[in-house]
Amino acid sequence: MLTKKLPPLQSFLVQVSRRAGHVARQQYDVIVVGGGHAGTEAAAAAARVGAQTLLVSQKIHTIGALSCNPSLGGVGKGQLVKEIDALDGVCGRAGDWAGIHFSILNRSKGPAVWGPRAQLDRQRYREFIQSELLSTPRLTVLEGSVEELLVTEPNPEEPGQHRVTGIRLANESHPISASSVILTTGTFLSGSLFMGQTTSPGGRIGDAPSSAGLSHTLRERLGLRTGRLRTGTPPRIVKDSVDLSLAQVHPPDSHSTPFSFLNTHTRCKPEEQLPCYLTYTTPGVERVVKESLHLNCHIQQDTKGPRYCPSIESRVLRFPGRSHRVWLEPEGMTSDLLYPQGLSMTMPPDVQLRLIREIPAMHRAEIHTPGYGVQYDFVCPTQLSPALQVKSTQGLFLAGQINGTTGYEEAAAQGLWAGVNAARWALSMPAVALSRTESYIGVLIDDLVSRGVTEPYRMFTSRAEFRTTLRPDNADLRLTLKGFEEVGCVSSFRYQKAVRVRDSLQDALAALQSLALSPSIWRKKMPDIPMSETKNNVPTGMDILQYNDVSFETMASAFPECLSPYIEFSQRLKIEAVYRPHSEQQRKEIERIQREENMSLPQDIDYLSLPVSLSQEVREILDRVRPSTLGAATRLQGITPAAVVHLLNYVRHTG
Ligand code: FAD
């Protein structure tokens, strides 16, 4: 997988423009508007499901561009990348190809919440995505700006229901028809760029915003509620002008863990990878921010920005007197630039230079490109179904930043799922859904469509109630089989591989379970194991593997005949053994909810003061709707499975 030779970018441009000549009069099943992280996954997924798909993006050479940080994954986000890969998406393999610094974040916590992350070479990432799209059957790529979304007026038999029929490109009179259209326009919808006191229309530096016609159709013709959000990016710094000896070196992990279940290694070996550097802000940084507030119109606006990825202005104003971390990250294997993560800023360029020079490692630093901010429209995502289809417009799907999220991974995850459902809609197949109990993608979509957003939404492990089950290591077992058998977005090659893994793991777990021995035999075979902790009289291999200091490799050397065939799954088996009791408990809870669907809920319950652990939001929904059964409560938007378990326990206990 990693040895494939990528076609040069030039070849991509030539092939795309050759296709462009005869594209305009064709009919497609699915049209995807936008070639960012959501759009590329959407287009590839729709084509994998079997739809004739057209991807239209403003500039071909920016398809797959990383608008902001040159990295992929992290805590919560890494889980999304693993799930996208398990569903045969593109970004995980692109990350393995383009990564130049791999590490697992959160390692001090349990493996369920580890965050696989990679620093990326921007150019390699883009090239991989473009090459992948080029080789995807049934997918055509076209350069162009979509000016208008074509929709029918509501059908008198279905009041309020529009239907999408296609798109019209700028400077083109012919429409292009499709049964489904997916909008993934990112920060481009009514986008404005901010730097100092200057504001200009734009979706990203160097790129025009989406046409006003698109916003008009969404708001005026389809009546969709929209809101406004903002984000920003740091200046890019000339690497040679930074004194890296004044920053702490952070090397990559000594062993690189690939994102993709198809890869056993990453393209860049650990010894070839580049380090990141850590440094801190000084009181001088805070002073420059405060002195220049009157020159910084972005920061003076009320529009909500990303809470968990704030600008340096927001950080010092919110936490005055503190020193803030700044990561200096390579932008590519041979790039001359560094990305200063934590220094997103929107003051005038000369003030940006003054600010960065207040940090000792950057006291002589030069700025290559100044930082800037962007404000854009998003569509309130509660107007979407769990298939990411606009409820009032048949065939219209939205994915990515347009739904109020922030981040590549959140965008890619929605793109994949919108692509799947848009293709299924076009091919007259029923919509498919992912639940909160089986995936982070399910958590993300459920949060968006049932709760909506008031600020840019990003993924955290704490958003997933069943996070010990939704682990990065088992995303293939959770999703690849379903992706092939029920969804239709997974290749048979990947499916066969996942089936082999599943069967081997089942055999290995059975072998561990069948090793039921007395403590004295265990002690004889493995003298170092802490048998005093054993609760079971005849502990099994699974019990022993749960101990902190016992690895599967150690057990396999003590019982080679029985366990050595499974040595390649050592880490997965260790994680499985540690989490199995908890996962079993969660599985039983899920099954219990399903069994108790018809249980009546007393109508006089005082949900607002119920003595169980429920959020205020959940209490208010239950109080307002007063569901008659547990099943009805489960289906309410905004009610989490964990809340249903608490409710079930309460009613059983008091009933
Ligand atoms: P994008 O990646 O923005 O892609 C949109 C695509 O749609 C583009 O290819 C564009 O050309 C195309 N397009 C738009 N309109 C049309 C049209 N009418 N016709 C044809 N094509 C069209 N994320 C973070 O997590 N943290 C950050 O700190 C952060 N900072 C950011 C700072 C800036 C300045 C920007 C621009 C983005 C930032 N992001 C940040 C957001 C991150 O880039 C996005 O979350 C992610 O790229 C969203 O992916 P997307 O696919 O929804 O949209």
# chains A, B, ... in the order shown; residues from 1 in each chain; ligands from 1
>>> residues_around(residues="Lys82 of chain A", least_positions_apart="2", cutoff="12 Å", atoms="only C-alpha atoms", output="VMD selection string")
chain A and resid 72 to 80 84 to 93 95 to 96 114 to 117 257 to 263 409 412 to 413 439 to 441 470 to 480
>>> write_last_selection(atoms="C-alpha atoms", output="PDB file, in the first residue's frame")
ATOM      1  CA  LEU A  72      -3.734  14.842  11.505  1.00  0.00           C
ATOM      2  CA  GLY A  73      -5.261  13.040  14.491  1.00  0.00           C
ATOM      3  CA  GLY A  74      -4.806  13.679  18.208  1.00  0.00           C
ATOM      4  CA  VAL A  75      -7.023  12.919  21.176  1.00  0.00           C
ATOM      5  CA  GLY A  76     -10.561  12.190  19.928  1.00  0.00           C
ATOM      6  CA  LYS A  77      -9.560  13.194  16.408  1.00  0.00           C
ATOM      7  CA  GLY A  78      -7.238  10.182  16.035  1.00  0.00           C
ATOM      8  CA  GLN A  79     -10.210   7.937  16.858  1.00  0.00           C
ATOM      9  CA  LEU A  80     -12.130   9.573  13.995  1.00  0.00           C
ATOM     10  CA  ILE A  84     -12.752   6.754   8.636  1.00  0.00           C
ATOM     11  CA  ASP A  85     -10.023   4.303   7.622  1.00  0.00           C
ATOM     12  CA  ALA A  86     -12.064   1.339   8.884  1.00  0.00           C
ATOM     13  CA  LEU A  87     -14.827   2.483   6.497  1.00  0.00           C
ATOM     14  CA  ASP A  88     -12.248   2.550   3.671  1.00  0.00           C
ATOM     15  CA  GLY A  89     -11.826   6.341   3.723  1.00  0.00           C
ATOM     16  CA  VAL A  90      -8.750   8.085   2.409  1.00  0.00           C
ATOM     17  CA  CYS A  91      -7.277  10.344   5.115  1.00  0.00           C
ATOM     18  CA  GLY A  92      -5.710   7.607   7.278  1.00  0.00           C
ATOM     19  CA  ARG A  93      -3.682   6.210   4.385  1.00  0.00           C
ATOM     20  CA  GLY A  95      -1.538  10.408   6.839  1.00  0.00           C
ATOM     21  CA  ASP A  96       0.646   7.287   6.793  1.00  0.00           C
ATOM     22  CA  TRP A 114      -4.828   7.291  23.244  1.00  0.00           C
ATOM     23  CA  GLY A 115      -4.687   9.809  20.422  1.00  0.00           C
ATOM     24  CA  PRO A 116      -2.782   8.695  17.308  1.00  0.00           C
ATOM     25  CA  ARG A 117      -1.328  11.839  15.697  1.00  0.00           C
ATOM     26  CA  THR A 257       1.882   3.469  14.648  1.00  0.00           C
ATOM     27  CA  PRO A 258       0.110   3.790  11.264  1.00  0.00           C
ATOM     28  CA  PHE A 259      -3.406   5.236  11.097  1.00  0.00           C
ATOM     29  CA  SER A 260      -4.547   2.699   8.523  1.00  0.00           C
ATOM     30  CA  PHE A 261      -5.485  -0.881   9.321  1.00  0.00           C
ATOM     31  CA  LEU A 262      -4.091  -1.755   5.884  1.00  0.00           C
ATOM     32  CA  ASN A 263      -0.585  -0.550   6.744  1.00  0.00           C
ATOM     33  CA  GLU A 409     -11.010  14.946  11.032  1.00  0.00           C
ATOM     34  CA  ALA A 412     -13.672  14.110   6.863  1.00  0.00           C
ATOM     35  CA  ALA A 413     -15.872  11.924   9.087  1.00  0.00           C
ATOM     36  CA  SER A 439     -18.562   4.848  16.773  1.00  0.00           C
ATOM     37  CA  TYR A 440     -17.208   8.324  17.366  1.00  0.00           C
ATOM     38  CA  ILE A 441     -18.645   9.220  13.955  1.00  0.00           C
ATOM     39  CA  LEU A 470     -14.909   2.772  20.946  1.00  0.00           C
ATOM     40  CA  ARG A 471     -11.152   2.371  20.948  1.00  0.00           C
ATOM     41  CA  PRO A 472      -8.729   3.274  18.156  1.00  0.00           C
ATOM     42  CA  ASP A 473      -7.389  -0.305  18.092  1.00  0.00           C
ATOM     43  CA  ASN A 474     -10.753  -1.954  17.365  1.00  0.00           C
ATOM     44  CA  ALA A 475     -12.305   0.466  14.832  1.00  0.00           C
ATOM     45  CA  ASP A 476     -11.929  -2.185  12.100  1.00  0.00           C
ATOM     46  CA  LEU A 477     -13.940  -4.754  14.048  1.00  0.00           C
ATOM     47  CA  ARG A 478     -16.614  -2.174  14.856  1.00  0.00           C
ATOM     48  CA  LEU A 479     -16.981  -0.699  11.386  1.00  0.00           C
ATOM     49  CA  THR A 480     -15.273  -2.542   8.517  1.00  0.00           C
TER      50      THR A 480
END
>>> residues_near_ligand(ligand="ligand 1", cutoff="7 Å", atoms="only C-alpha atoms and all ligand atoms", output="NGL selection string")
:A and (33-39 or 56-59 or 62-63 or 65-69 or 144-147 or 184-189 or 203-204 or 207 or 209-211 or 214 or 231-233 or 309 or 372-374 or 399-402 or 405-408 or 411-412)
>>> write_last_selection(atoms="C-alpha atoms", output="short mmCIF file (atom, residue, chain, number, x, y, z; two decimals), in the first residue's frame")
data_model
loop_
_atom_site.label_atom_id
_atom_site.label_comp_id
_atom_site.auth_asym_id
_atom_site.auth_seq_id
_atom_site.Cartn_x
_atom_site.Cartn_y
_atom_site.Cartn_z
CA VAL A 33 -19.21 20.78 -4.00
CA GLY A 34 -15.80 21.49 -2.41
CA GLY A 35 -12.54 19.54 -2.40
CA GLY A 36 -11.51 19.98 1.26
CA HIS A 37 -11.46 17.22 3.86
CA ALA A 38 -15.21 16.68 3.85
CA GLY A 39 -15.54 16.88 0.06
CA VAL A 56 -16.40 20.23 -8.25
CA SER A 57 -13.90 22.45 -6.48
CA GLN A 58 -12.78 26.03 -7.01
CA LYS A 59 -9.12 25.17 -7.60
CA THR A 62 -5.92 22.98 -3.59
CA ILE A 63 -7.87 19.72 -3.43
CA ALA A 65 -5.11 21.21 1.10
CA LEU A 66 -4.49 21.55 4.83
CA SER A 67 -5.84 25.09 5.41
CA CYS A 68 -4.30 25.48 8.82
CA ASN A 69 -2.19 23.06 10.88
CA GLY A 144 -15.14 25.31 -11.15
CA SER A 145 -17.04 27.47 -8.73
CA VAL A 146 -20.61 26.47 -8.01
CA GLU A 147 -22.75 29.57 -8.35
CA THR A 184 -18.82 20.89 1.73
CA THR A 185 -17.84 24.53 1.30
CA GLY A 186 -15.90 24.82 4.59
CA THR A 187 -15.10 28.37 5.65
CA PHE A 188 -16.08 29.72 2.22
CA LEU A 189 -19.81 30.45 2.70
CA GLY A 203 -12.74 31.65 2.18
CA ARG A 204 -9.04 31.17 2.88
CA ASP A 207 -9.19 31.93 -2.31
CA PRO A 209 -15.51 33.03 -0.92
CA SER A 210 -18.39 30.92 -2.19
CA SER A 211 -20.74 32.88 -4.39
CA LEU A 214 -25.28 29.67 -2.85
CA THR A 231 -11.40 30.84 13.26
CA GLY A 232 -7.82 31.91 12.63
CA THR A 233 -4.38 30.70 11.70
CA CYS A 309 -7.90 26.11 19.62
CA TYR A 372 -5.21 35.94 9.71
CA GLY A 373 -8.75 35.23 10.77
CA VAL A 374 -11.80 34.10 8.84
CA ALA A 399 -20.84 17.99 5.59
CA GLY A 400 -17.82 19.56 7.29
CA GLN A 401 -17.24 23.07 8.56
CA ILE A 402 -20.50 24.21 6.93
CA THR A 405 -17.58 21.91 13.19
CA THR A 406 -13.88 22.71 13.20
CA GLY A 407 -11.01 20.42 12.21
CA TYR A 408 -10.01 18.20 9.33
CA ALA A 411 -14.99 17.33 8.41
CA ALA A 412 -13.67 14.11 6.86
#
>>> atom_distance(atom1="atom CA of Gln389 of chain A", atom2="atom CA of Leu150 of chain A")
15.7 Å
>>> closest_atom_pairs(of="segment 286-392 of chain A", to="segment 632-646 of chain A", cutoff="12 Å", atoms="only C-alpha atoms", output="tab-separated table")
residue	atom	partner	partner_atom	distance
A:Thr382	CA	A:Gln637	CA	9.5
A:Leu384	CA	A:Gln637	CA	11.9
A:Ser385	CA	A:Gln637	CA	10.8
A:Pro386	CA	A:Gln637	CA	10.4
>>> select_by_dssp(residues="segment 123-176 of chain A", states="alpha helix (DSSP H)", output="number ranges by chain")
A: 123-134
>>> closest_atom_pairs(of="segment 172-256 of chain A", to="segment 299-303 of chain A", cutoff="8 Å", atoms="only C-alpha atoms", output="JSON lines")
{"residue": "A:Arg228", "atom": "CA", "partner": "A:Thr303", "partner_atom": "CA", "distance": 6.5}
{"residue": "A:Leu229", "atom": "CA", "partner": "A:Thr303", "partner_atom": "CA", "distance": 5.6}
{"residue": "A:Arg230", "atom": "CA", "partner": "A:Thr303", "partner_atom": "CA", "distance": 6.3}
>>> write_last_selection(atoms="N, CA and C atoms", output="PDB file, in the first residue's frame")
ATOM      1  N   ARG A 228     -23.058  32.409  12.329  1.00  0.00           N
ATOM      2  CA  ARG A 228     -21.743  32.867  11.887  1.00  0.00           C
ATOM      3  C   ARG A 228     -20.703  32.446  12.925  1.00  0.00           C
ATOM      4  N   LEU A 229     -19.592  31.919  12.451  1.00  0.00           N
ATOM      5  CA  LEU A 229     -18.501  31.491  13.335  1.00  0.00           C
ATOM      6  C   LEU A 229     -17.190  32.047  12.788  1.00  0.00           C
ATOM      7  N   ARG A 230     -16.139  31.891  13.599  1.00  0.00           N
ATOM      8  CA  ARG A 230     -14.839  32.379  13.116  1.00  0.00           C
ATOM      9  C   ARG A 230     -13.727  31.432  13.542  1.00  0.00           C
TER      10      ARG A 230
END
